[in-house]
file query-v1.cif (mmCIF, C-alpha atoms)
data_my_file
#
loop_
_atom_site.label_atom_id
_atom_site.label_comp_id
_atom_site.auth_asym_id
_atom_site.auth_seq_id
_atom_site.Cartn_x
_atom_site.Cartn_y
_atom_site.Cartn_z
CA MET A 102 -23.47 -3.92 -7.99
CA THR A 103 -22.47 -6.15 -5.12
CA THR A 104 -19.25 -8.09 -4.86
CA SER A 105 -21.32 -11.25 -5.41
CA ASP A 106 -22.32 -9.96 -8.83
CA VAL A 107 -18.69 -9.37 -9.61
CA THR A 108 -17.29 -12.73 -8.79
CA SER A 109 -19.97 -15.35 -8.88
CA THR A 110 -19.71 -16.24 -12.55
CA THR A 111 -15.98 -16.46 -13.06
CA ASN A 112 -14.62 -18.51 -10.21
CA GLU A 113 -12.51 -20.70 -12.47
CA ALA A 114 -10.02 -18.08 -13.59
CA VAL A 115 -7.62 -16.19 -11.37
CA GLN A 116 -9.14 -12.79 -10.88
CA THR A 117 -7.21 -9.65 -10.19
CA VAL A 118 -8.14 -7.15 -7.51
CA LEU A 119 -6.55 -3.72 -7.58
CA VAL A 120 -6.26 -2.57 -3.95
CA VAL A 121 -5.80 1.19 -3.60
CA GLU A 122 -4.89 2.20 -0.05
CA ASP A 123 -2.34 4.68 1.22
CA GLU A 124 -1.94 3.15 4.68
CA ILE A 125 0.54 0.36 4.18
CA LEU A 126 -0.41 -1.63 7.29
CA VAL A 127 -3.99 -1.82 6.09
CA ARG A 128 -3.01 -2.42 2.46
CA CYS A 129 -0.62 -5.26 3.15
CA GLN A 130 -3.11 -7.13 5.34
CA ILE A 131 -6.00 -6.75 2.89
CA ALA A 132 -3.71 -7.82 0.04
CA ALA A 133 -2.42 -10.85 1.94
CA TYR A 134 -5.96 -11.90 2.81
CA LEU A 135 -7.13 -11.63 -0.80
CA ARG A 136 -4.07 -13.57 -2.01
CA ASP A 137 -4.82 -16.32 0.49
CA CYS A 138 -8.26 -16.46 -1.07
CA GLY A 139 -6.77 -17.05 -4.50
CA TYR A 140 -6.82 -13.62 -6.06
CA ARG A 141 -3.97 -11.93 -7.81
CA VAL A 142 -3.61 -8.59 -6.07
CA ILE A 143 -2.13 -5.40 -7.45
CA GLU A 144 -1.31 -2.86 -4.76
CA ALA A 145 -1.50 0.86 -5.43
CA VAL A 146 -0.59 3.46 -2.85
CA HIS A 147 -2.93 6.10 -4.23
CA ALA A 148 -5.27 6.81 -7.12
CA ASP A 149 -2.48 8.12 -9.32
CA GLU A 150 -0.75 4.73 -9.15
CA ALA A 151 -4.10 3.03 -9.74
CA LEU A 152 -4.58 5.07 -12.93
CA ILE A 153 -1.15 3.96 -14.18
CA VAL A 154 -2.15 0.34 -13.60
CA LEU A 155 -5.58 0.73 -15.17
CA GLN A 156 -4.10 2.28 -18.29
CA GLN A 157 -1.81 -0.69 -18.96
CA PRO A 158 -3.39 -2.63 -21.82
CA ASP A 159 -1.72 -5.87 -20.77
CA LEU A 160 -2.86 -5.75 -17.13
CA ASP A 161 -6.27 -7.26 -16.52
CA VAL A 162 -8.08 -5.89 -13.49
CA HIS A 163 -11.43 -7.39 -12.53
CA VAL A 164 -12.28 -5.42 -9.40
CA VAL A 165 -11.00 -2.16 -7.91
CA MET A 166 -11.13 -1.81 -4.15
CA SER A 167 -10.21 1.71 -3.09
CA ASP A 168 -9.92 3.81 -0.01
CA VAL A 169 -11.78 7.12 -0.25
CA GLU A 170 -9.31 9.55 1.29
CA MET A 171 -5.86 9.44 -0.24
CA PRO A 172 -3.05 11.81 -1.09
CA GLY A 173 -2.36 12.59 -4.74
CA SER A 174 -4.13 14.40 -7.52
CA ILE A 175 -7.46 12.59 -7.03
CA ASP A 176 -9.14 10.74 -4.18
CA GLY A 177 -11.22 7.55 -4.24
CA PHE A 178 -14.29 9.36 -5.55
CA GLY A 179 -12.23 10.83 -8.37
CA LEU A 180 -10.88 7.37 -9.16
CA ALA A 181 -14.43 5.97 -9.17
CA ARG A 182 -15.55 8.71 -11.56
CA TRP A 183 -12.61 7.91 -13.86
CA VAL A 184 -13.43 4.21 -13.79
CA ARG A 185 -17.11 4.86 -14.52
CA SER A 186 -16.16 7.03 -17.47
CA GLU A 187 -13.14 5.24 -18.94
CA ARG A 188 -13.67 1.63 -17.86
CA PRO A 189 -17.45 1.22 -17.64
CA GLY A 190 -18.36 -2.20 -16.33
CA LEU A 191 -15.28 -2.46 -14.11
CA PRO A 192 -16.61 -2.79 -10.55
CA ILE A 193 -15.18 -0.42 -7.98
CA ILE A 194 -15.72 -0.82 -4.24
CA LEU A 195 -15.08 2.30 -2.18
CA CYS A 196 -14.08 1.71 1.45
CA GLY A 197 -14.16 4.58 3.90
CA SER A 198 -12.41 2.72 6.70
CA ALA A 199 -10.30 -0.34 7.37
CA ALA A 200 -13.40 -2.08 8.72
CA LYS A 201 -15.22 -1.50 5.44
CA ALA A 202 -12.15 -2.74 3.56
CA ALA A 203 -12.02 -5.92 5.65
CA ASP A 204 -15.72 -6.52 5.01
CA ALA A 205 -15.29 -5.95 1.27
CA ALA A 206 -12.29 -8.31 1.15
CA ALA A 207 -14.28 -10.94 3.03
CA ASP A 208 -17.16 -10.56 0.57
CA LEU A 209 -14.78 -11.06 -2.33
CA CYS A 210 -13.35 -14.17 -0.68
CA GLU A 211 -16.81 -15.49 0.08
CA ASP A 212 -17.95 -15.21 -3.50
CA GLY A 213 -14.75 -15.38 -5.48
CA PRO A 214 -11.97 -17.84 -6.30
CA THR A 215 -11.29 -19.13 -2.83
CA LEU A 216 -8.21 -21.27 -2.30
CA THR A 217 -8.55 -21.12 1.43
CA LYS A 218 -10.26 -18.70 3.70
CA PRO A 219 -7.80 -18.71 6.53
CA TYR A 220 -9.49 -16.36 8.93
CA GLU A 221 -12.68 -14.47 9.46
CA PRO A 222 -12.92 -10.82 8.45
CA GLN A 223 -13.09 -9.89 12.13
CA ALA A 224 -9.70 -11.53 12.65
CA LEU A 225 -8.38 -9.57 9.69
CA LEU A 226 -9.72 -6.37 11.17
CA ASP A 227 -8.35 -7.21 14.61
CA ARG A 228 -4.93 -7.77 13.09
CA ILE A 229 -5.09 -4.44 11.25
CA ARG A 230 -6.12 -2.75 14.50
CA ARG A 231 -3.20 -4.30 16.37
CA LEU A 232 -0.80 -3.22 13.64
CA LEU A 233 -2.06 0.33 13.60
CA ALA A 234 -2.11 0.57 17.39
CA GLY A 235 1.48 -0.58 17.44
CA VAL A 236 2.70 2.33 15.36
CA GLY A 237 0.46 4.98 16.83
CA ASP A 238 -1.61 5.61 13.72
CA ARG A 239 -4.88 7.43 13.95
CA ILE A 240 -6.65 5.82 11.08
CA SER A 241 -10.33 5.01 11.27
CA VAL A 242 -10.93 1.32 11.65
CA SER A 243 -14.44 1.27 12.99
CA MET B 426 -0.82 -32.12 6.37
CA GLY B 427 -0.35 -35.66 7.59
CA GLU B 428 2.07 -38.47 6.84
CA PRO B 429 0.92 -42.08 6.30
CA ASN B 430 1.93 -42.92 9.88
CA GLY B 431 -0.28 -40.14 11.14
CA LYS B 432 2.56 -37.82 12.20
CA GLN B 433 1.96 -34.16 11.66
CA VAL B 434 4.50 -32.43 9.43
CA SER B 435 4.95 -28.77 10.13
CA VAL B 436 5.35 -26.77 6.97
CA PRO B 437 7.69 -23.85 7.50
CA ALA B 438 6.10 -20.47 6.83
CA PRO B 439 7.26 -18.88 3.59
CA LYS B 440 9.99 -16.29 4.01
CA ALA B 441 8.75 -12.73 3.90
CA ILE B 442 10.34 -10.20 1.59
CA LEU B 443 9.71 -6.48 1.87
CA VAL B 444 9.95 -4.95 -1.61
CA VAL B 445 10.55 -1.19 -1.55
CA GLU B 446 10.07 0.46 -4.94
CA ASP B 447 8.26 3.65 -5.89
CA ASP B 448 7.41 2.62 -9.47
CA VAL B 449 4.14 0.71 -9.21
CA LEU B 450 4.71 -1.37 -12.35
CA ILE B 451 8.23 -2.43 -11.38
CA ARG B 452 7.05 -3.16 -7.83
CA LEU B 453 4.23 -5.28 -9.21
CA THR B 454 6.54 -7.24 -11.50
CA ILE B 455 9.03 -8.04 -8.75
CA ALA B 456 6.25 -8.88 -6.29
CA ASP B 457 4.43 -11.17 -8.74
CA ASP B 458 7.66 -13.02 -9.54
CA LEU B 459 8.59 -13.45 -5.88
CA ILE B 460 5.07 -14.61 -4.97
CA ALA B 461 5.20 -17.12 -7.82
CA ALA B 462 8.52 -18.32 -6.38
CA GLY B 463 6.78 -19.04 -3.08
CA PHE B 464 7.64 -16.02 -0.96
CA ASN B 465 5.36 -13.80 1.07
CA VAL B 466 5.76 -10.30 -0.29
CA ILE B 467 5.02 -7.02 1.42
CA GLN B 468 5.09 -4.03 -0.89
CA ALA B 469 6.22 -0.58 0.16
CA ALA B 470 6.34 2.43 -2.13
CA SER B 471 8.86 4.40 -0.07
CA ALA B 472 11.42 4.07 2.68
CA ASP B 473 8.92 5.64 5.06
CA GLU B 474 6.39 2.90 4.34
CA ALA B 475 9.10 0.27 4.73
CA LEU B 476 10.04 1.55 8.17
CA LYS B 477 6.40 1.52 9.20
CA VAL B 478 6.25 -2.17 8.33
CA LEU B 479 9.49 -2.95 10.14
CA ARG B 480 8.28 -1.15 13.28
CA SER B 481 5.07 -3.18 13.25
CA ILE B 482 4.51 -6.83 14.15
CA VAL B 483 4.69 -7.84 10.49
CA SER B 484 7.49 -10.36 10.10
CA VAL B 485 10.16 -9.61 7.47
CA ASP B 486 13.16 -11.78 6.55
CA LEU B 487 14.72 -9.75 3.76
CA ILE B 488 14.37 -6.28 2.34
CA LEU B 489 14.76 -5.60 -1.36
CA THR B 490 15.01 -1.89 -2.00
CA ASP B 491 15.47 0.52 -4.85
CA ILE B 492 17.87 3.42 -4.21
CA ARG B 493 16.15 6.40 -5.79
CA MET B 494 12.82 7.05 -4.14
CA PRO B 495 10.85 10.06 -2.98
CA GLY B 496 10.26 10.55 0.73
CA SER B 497 12.35 11.30 3.79
CA PHE B 498 15.28 9.25 2.55
CA ASP B 499 16.36 7.01 -0.29
CA GLY B 500 17.18 3.31 -0.39
CA LEU B 501 20.67 3.75 0.98
CA GLY B 502 19.27 5.82 3.84
CA LEU B 503 16.80 3.05 4.47
CA ALA B 504 19.59 0.46 4.43
CA GLU B 505 21.47 2.54 6.98
CA GLN B 506 18.43 2.64 9.27
CA VAL B 507 17.83 -1.08 8.84
CA ARG B 508 21.44 -1.93 9.64
CA ALA B 509 21.19 0.09 12.82
CA GLY B 510 17.75 -1.06 13.93
CA TRP B 511 17.41 -4.57 12.55
CA PRO B 512 20.97 -5.85 12.12
CA ASP B 513 19.91 -9.41 11.34
CA LEU B 514 17.70 -8.42 8.44
CA LYS B 515 19.14 -9.19 5.01
CA ILE B 516 19.27 -6.26 2.60
CA VAL B 517 19.46 -6.34 -1.18
CA VAL B 518 19.81 -3.01 -2.98
CA LEU B 519 18.55 -2.68 -6.55
CA SER B 520 19.29 0.36 -8.62
CA GLY B 521 19.80 1.79 -12.07
CA GLY B 522 22.59 3.99 -10.81
CA LEU B 523 24.79 2.38 -8.22
CA PRO B 524 27.52 4.51 -6.67
CA ALA B 525 30.96 3.89 -8.21
CA ILE B 526 31.94 2.20 -5.00
CA PRO B 527 28.79 0.75 -3.44
CA PRO B 528 28.73 1.06 0.34
CA PHE B 529 29.11 -2.67 0.88
CA ASN B 530 28.63 -2.37 4.63
CA LEU B 531 25.04 -1.22 4.07
CA ALA B 532 23.73 -4.21 2.14
CA ASP B 533 24.26 -7.92 1.66
CA ALA B 534 24.03 -7.57 -2.10
CA PHE B 535 23.82 -4.89 -4.77
CA LEU B 536 22.07 -5.58 -8.08
CA SER B 537 21.77 -3.17 -10.97
CA LYS B 538 18.79 -2.40 -13.19
CA PRO B 539 17.32 -3.41 -15.53
CA TYR B 540 15.99 -6.09 -13.27
CA ASP B 541 17.04 -9.63 -13.97
CA PHE B 542 14.66 -11.73 -11.92
CA SER B 543 16.77 -14.87 -12.07
CA ALA B 544 19.65 -12.89 -10.53
CA ILE B 545 17.34 -11.47 -7.86
CA LEU B 546 15.93 -14.89 -7.06
CA ALA B 547 19.39 -16.47 -6.85
CA VAL B 548 20.62 -13.80 -4.42
CA VAL B 549 17.45 -13.88 -2.32
CA LYS B 550 17.55 -17.67 -2.02
CA GLN B 551 21.22 -17.65 -1.12
CA LEU B 552 20.79 -14.99 1.56
CA LEU B 553 17.75 -16.70 3.06
CA GLY B 554 19.21 -20.19 2.78
CA VAL B 555 16.21 -21.59 0.91
#
call {"tool": "encode", "arguments": {"input": "query-v1.cif", "output": "structure tokens"}}
result
Amino acid sequence: MTTSDVTSTTNEAVQTVLVVEDEILVRCQIAAYLRDCGYRVIEAVHADEALIVLQQPDLDVHVVMSDVEMPGSIDGFGLARWVRSERPGLPIILCGSAAKAADAAADLCEDGPTLTKPYEPQALLDRIRRLLAGVGDRISVS
Amino acid sequence: MGEPNGKQVSVPAPKAILVVEDDVLIRLTIADDLIAAGFNVIQAASADEALKVLRSIVSVDLILTDIRMPGSFDGLGLAEQVRAGWPDLKIVVLSGGLPAIPPFNLADAFLSKPYDFSAILAVVKQLLGV
């Protein structure tokens, strides 16, 4: 399933994206971008937090966007397996790098409930790169 | 945005609040409420994450932190670091178990749990002058 399939039919309602990413400087930029596009964003630091969110009956999540490598009891693949088994039909987008995450966020904004699309995904990625360079991280962004 | 006479009106950027809380559901509740109140919110799950944000180019106007958190240090330790490194940054400490005599020099306000959002919002607005 592509992100277009996920969002094209329900643009009227506010949709919720669960962003699962352990690198805060990536997470906060992706979350801000998606919020600017009109989504409600729930931020989880790792899959264990994501599972807590997904098991709340009163929290609607429409899309999960998760990093693959994360600390905690399960990684992104484990989270995807859980979602497939326990929440079939809930789309999950796995992103192996910040670049993939920026692309996925841009796809969601392209097809989803866009308030404004303030900058191109490349600008989002450039900003993430600048942030990470500034603190000496060695996270993959390409 | 333009006025009838064609003058451009600059809209001030929303103030940015860094929420530091290790419980994802509490963090989400506070963040959602602050976003609904018109603030930019950056969410950190630990003091270590918060420091990473502060050392980056991300702009922060106020930090709202829990006390008890896993990681290198707790919320009071974070407040100490913030006071030393970013003395102009406003700090609000939230906790279920405040020390008998809160270290008032470390924060601009102390609020106890359970969270009362109207109290949080009032303090935040007062400290930020909005």
call {"tool": "interface_residues", "arguments": {"input": "query-v1.cif", "of": "chain A", "to": "chain B", "cutoff": "9 Å", "atoms": "all atoms listed in the file", "output": "list in words"}}
result
Glu124, Ile125, Leu126, Arg128, Cys129, Ala132, Ala133, Arg141, Val142, Ile143, Glu144, Ala145, Val146, Glu150, Ala151, Ile153, Val154, Arg231, Leu232, Leu233, Gly235 and Val236 of chain A
call {"tool": "closest_atom_pairs", "arguments": {"input": "query-v1.cif", "of": "region 446-499 of chain B", "to": "region 512-521 of chain B", "cutoff": "12 Å", "atoms": "all atoms listed in the file", "output": "CSV"}}
result
residue,atom,partner,partner_atom,distance
B:Glu446,CA,B:Leu519,CA,9.2
B:Asp447,CA,B:Ser520,CA,11.8
B:Ile451,CA,B:Leu519,CA,11.4
B:Arg452,CA,B:Leu519,CA,11.6
B:Ile455,CA,B:Leu519,CA,11.1
B:Leu479,CA,B:Leu514,CA,10.0
B:Ser484,CA,B:Leu514,CA,10.5
B:Val485,CA,B:Leu514,CA,7.7
B:Asp486,CA,B:Leu514,CA,6.0
B:Leu487,CA,B:Lys515,CA,4.6
B:Ile488,CA,B:Ile516,CA,4.9
B:Leu489,CA,B:Val517,CA,4.8
B:Thr490,CA,B:Val518,CA,5.0
B:Asp491,CA,B:Leu519,CA,4.8
B:Ile492,CA,B:Ser520,CA,5.6
B:Arg493,CA,B:Ser520,CA,7.4
B:Met494,CA,B:Ser520,CA,10.3
B:Asp499,CA,B:Val518,CA,10.9
call {"tool": "atom_distance", "arguments": {"input": "query-v1.cif", "atom1": "CA of Leu536 (chain B)", "atom2": "CA of Val548 (chain B)"}}
result
9.1 Å
call {"tool": "resolve_selection", "arguments": {"input": "query-v1.cif", "expression": "the PyMOL selection byres ((chain B and resi 436-439) around 7)", "output": "number ranges by chain"}}
result
B: 434-435, 440-441, 463-465
call {"tool": "resolve_selection", "arguments": {"input": "query-v1.cif", "expression": "the PyMOL selection byres ((chain A and resi 191) around 12)", "output": "MDAnalysis selection string"}}
result
chainID A and resid 102 104 106:108 117:119 155 161:166 180:190 192:194
call {"tool": "atom_distance", "arguments": {"input": "query-v1.cif", "atom1": "CA of Gln506 (chain B)", "atom2": "CA of Gln551 (chain B)"}}
result
23.0 Å
call {"tool": "residues_around", "arguments": {"input": "query-v1.cif", "residues": "Tyr134 (chain A)", "least_positions_apart": "4", "cutoff": "8 Å", "atoms": "all atoms listed in the file", "output": "VMD selection string"}}
result
chain A and resid 130 138 206 219 225
call {"tool": "atom_distance", "arguments": {"input": "query-v1.cif", "atom1": "CA of Ala205 (chain A)", "atom2": "CA of Leu160 (chain A)"}}
result
22.2 Å
call {"tool": "decode", "arguments": {"input": "query-v1.cif", "residues": "region 521-555 of chain B", "atoms": "N, CA and C atoms", "output": "PDB file, in the first residue's frame"}}
result
ATOM      1  N   GLY B 521       5.076  14.750  40.277  1.00  0.00           N
ATOM      2  CA  GLY B 521       4.176  14.173  41.267  1.00  0.00           C
ATOM      3  C   GLY B 521       4.778  14.248  42.648  1.00  0.00           C
ATOM      4  N   GLY B 522       6.071  14.349  42.745  1.00  0.00           N
ATOM      5  CA  GLY B 522       6.717  14.367  44.051  1.00  0.00           C
ATOM      6  C   GLY B 522       7.745  15.471  44.144  1.00  0.00           C
ATOM      7  N   LEU B 523       7.270  16.660  44.431  1.00  0.00           N
ATOM      8  CA  LEU B 523       8.212  17.780  44.555  1.00  0.00           C
ATOM      9  C   LEU B 523       8.965  17.664  45.865  1.00  0.00           C
ATOM     10  N   PRO B 524      10.206  18.084  45.892  1.00  0.00           N
ATOM     11  CA  PRO B 524      10.938  18.126  47.158  1.00  0.00           C
ATOM     12  C   PRO B 524      10.196  19.020  48.154  1.00  0.00           C
ATOM     13  N   ALA B 525      10.359  18.738  49.449  1.00  0.00           N
ATOM     14  CA  ALA B 525       9.677  19.531  50.480  1.00  0.00           C
ATOM     15  C   ALA B 525       9.943  21.022  50.272  1.00  0.00           C
ATOM     16  N   ILE B 526      11.186  21.319  50.007  1.00  0.00           N
ATOM     17  CA  ILE B 526      11.521  22.711  49.682  1.00  0.00           C
ATOM     18  C   ILE B 526      12.068  22.712  48.254  1.00  0.00           C
ATOM     19  N   PRO B 527      11.211  23.040  47.288  1.00  0.00           N
ATOM     20  CA  PRO B 527      11.696  23.025  45.900  1.00  0.00           C
ATOM     21  C   PRO B 527      12.873  23.981  45.706  1.00  0.00           C
ATOM     22  N   PRO B 528      13.849  23.563  44.943  1.00  0.00           N
ATOM     23  CA  PRO B 528      14.997  24.442  44.676  1.00  0.00           C
ATOM     24  C   PRO B 528      14.582  25.575  43.738  1.00  0.00           C
ATOM     25  N   PHE B 529      14.063  26.643  44.333  1.00  0.00           N
ATOM     26  CA  PHE B 529      13.444  27.705  43.541  1.00  0.00           C
ATOM     27  C   PHE B 529      14.418  28.364  42.567  1.00  0.00           C
ATOM     28  N   ASN B 530      15.699  28.289  42.877  1.00  0.00           N
ATOM     29  CA  ASN B 530      16.667  28.917  41.973  1.00  0.00           C
ATOM     30  C   ASN B 530      16.785  28.172  40.642  1.00  0.00           C
ATOM     31  N   LEU B 531      16.286  26.920  40.613  1.00  0.00           N
ATOM     32  CA  LEU B 531      16.463  26.108  39.411  1.00  0.00           C
ATOM     33  C   LEU B 531      15.345  26.280  38.390  1.00  0.00           C
ATOM     34  N   ALA B 532      14.210  26.812  38.821  1.00  0.00           N
ATOM     35  CA  ALA B 532      13.088  26.912  37.879  1.00  0.00           C
ATOM     36  C   ALA B 532      12.313  28.189  38.124  1.00  0.00           C
ATOM     37  N   ASP B 533      11.569  28.591  37.097  1.00  0.00           N
ATOM     38  CA  ASP B 533      10.721  29.775  37.227  1.00  0.00           C
ATOM     39  C   ASP B 533       9.390  29.427  37.857  1.00  0.00           C
ATOM     40  N   ALA B 534       9.011  28.161  37.775  1.00  0.00           N
ATOM     41  CA  ALA B 534       7.758  27.730  38.403  1.00  0.00           C
ATOM     42  C   ALA B 534       7.801  26.236  38.663  1.00  0.00           C
ATOM     43  N   PHE B 535       7.157  25.820  39.735  1.00  0.00           N
ATOM     44  CA  PHE B 535       6.995  24.399  40.041  1.00  0.00           C
ATOM     45  C   PHE B 535       5.503  24.093  40.071  1.00  0.00           C
ATOM     46  N   LEU B 536       5.094  23.049  39.370  1.00  0.00           N
ATOM     47  CA  LEU B 536       3.688  22.633  39.380  1.00  0.00           C
ATOM     48  C   LEU B 536       3.638  21.152  39.718  1.00  0.00           C
ATOM     49  N   SER B 537       2.626  20.771  40.518  1.00  0.00           N
ATOM     50  CA  SER B 537       2.575  19.368  40.913  1.00  0.00           C
ATOM     51  C   SER B 537       1.561  18.599  40.084  1.00  0.00           C
ATOM     52  N   LYS B 538       1.777  17.294  39.989  1.00  0.00           N
ATOM     53  CA  LYS B 538       0.848  16.392  39.320  1.00  0.00           C
ATOM     54  C   LYS B 538      -0.290  16.088  40.279  1.00  0.00           C
ATOM     55  N   PRO B 539      -1.440  15.634  39.868  1.00  0.00           N
ATOM     56  CA  PRO B 539      -1.802  15.428  38.469  1.00  0.00           C
ATOM     57  C   PRO B 539      -1.885  16.745  37.702  1.00  0.00           C
ATOM     58  N   TYR B 540      -1.619  16.652  36.417  1.00  0.00           N
ATOM     59  CA  TYR B 540      -1.533  17.851  35.616  1.00  0.00           C
ATOM     60  C   TYR B 540      -2.860  18.594  35.528  1.00  0.00           C
ATOM     61  N   ASP B 541      -2.777  19.866  35.726  1.00  0.00           N
ATOM     62  CA  ASP B 541      -3.945  20.730  35.550  1.00  0.00           C
ATOM     63  C   ASP B 541      -3.561  21.661  34.398  1.00  0.00           C
ATOM     64  N   PHE B 542      -4.121  21.383  33.209  1.00  0.00           N
ATOM     65  CA  PHE B 542      -3.632  22.123  32.050  1.00  0.00           C
ATOM     66  C   PHE B 542      -3.883  23.616  32.157  1.00  0.00           C
ATOM     67  N   SER B 543      -5.002  23.995  32.771  1.00  0.00           N
ATOM     68  CA  SER B 543      -5.263  25.440  32.874  1.00  0.00           C
ATOM     69  C   SER B 543      -4.173  26.111  33.715  1.00  0.00           C
ATOM     70  N   ALA B 544      -3.694  25.412  34.747  1.00  0.00           N
ATOM     71  CA  ALA B 544      -2.600  25.971  35.566  1.00  0.00           C
ATOM     72  C   ALA B 544      -1.315  26.046  34.752  1.00  0.00           C
ATOM     73  N   ILE B 545      -1.049  24.987  33.969  1.00  0.00           N
ATOM     74  CA  ILE B 545       0.156  24.988  33.131  1.00  0.00           C
ATOM     75  C   ILE B 545       0.096  26.143  32.129  1.00  0.00           C
ATOM     76  N   LEU B 546      -1.054  26.265  31.487  1.00  0.00           N
ATOM     77  CA  LEU B 546      -1.201  27.296  30.450  1.00  0.00           C
ATOM     78  C   LEU B 546      -1.043  28.692  31.044  1.00  0.00           C
ATOM     79  N   ALA B 547      -1.621  28.903  32.221  1.00  0.00           N
ATOM     80  CA  ALA B 547      -1.533  30.222  32.858  1.00  0.00           C
ATOM     81  C   ALA B 547      -0.071  30.568  33.148  1.00  0.00           C
ATOM     82  N   VAL B 548       0.663  29.601  33.697  1.00  0.00           N
ATOM     83  CA  VAL B 548       2.075  29.839  34.050  1.00  0.00           C
ATOM     84  C   VAL B 548       2.903  30.080  32.790  1.00  0.00           C
ATOM     85  N   VAL B 549       2.669  29.231  31.791  1.00  0.00           N
ATOM     86  CA  VAL B 549       3.441  29.350  30.539  1.00  0.00           C
ATOM     87  C   VAL B 549       3.208  30.719  29.902  1.00  0.00           C
ATOM     88  N   LYS B 550       1.941  31.126  29.836  1.00  0.00           N
ATOM     89  CA  LYS B 550       1.624  32.416  29.217  1.00  0.00           C
ATOM     90  C   LYS B 550       2.247  33.567  30.000  1.00  0.00           C
ATOM     91  N   GLN B 551       2.191  33.453  31.319  1.00  0.00           N
ATOM     92  CA  GLN B 551       2.764  34.526  32.136  1.00  0.00           C
ATOM     93  C   GLN B 551       4.273  34.626  31.920  1.00  0.00           C
ATOM     94  N   LEU B 552       4.939  33.475  31.922  1.00  0.00           N
ATOM     95  CA  LEU B 552       6.401  33.492  31.775  1.00  0.00           C
ATOM     96  C   LEU B 552       6.834  33.974  30.387  1.00  0.00           C
ATOM     97  N   LEU B 553       6.015  33.651  29.384  1.00  0.00           N
ATOM     98  CA  LEU B 553       6.394  34.033  28.023  1.00  0.00           C
ATOM     99  C   LEU B 553       5.823  35.400  27.623  1.00  0.00           C
ATOM    100  N   GLY B 554       4.975  35.941  28.491  1.00  0.00           N
ATOM    101  CA  GLY B 554       4.405  37.258  28.193  1.00  0.00           C
ATOM    102  C   GLY B 554       3.493  37.232  26.986  1.00  0.00           C
ATOM    103  N   VAL B 555       2.702  36.158  26.848  1.00  0.00           N
ATOM    104  CA  VAL B 555       1.771  36.078  25.705  1.00  0.00           C
ATOM    105  C   VAL B 555       0.329  36.009  26.214  1.00  0.00           C
TER     106      VAL B 555
END
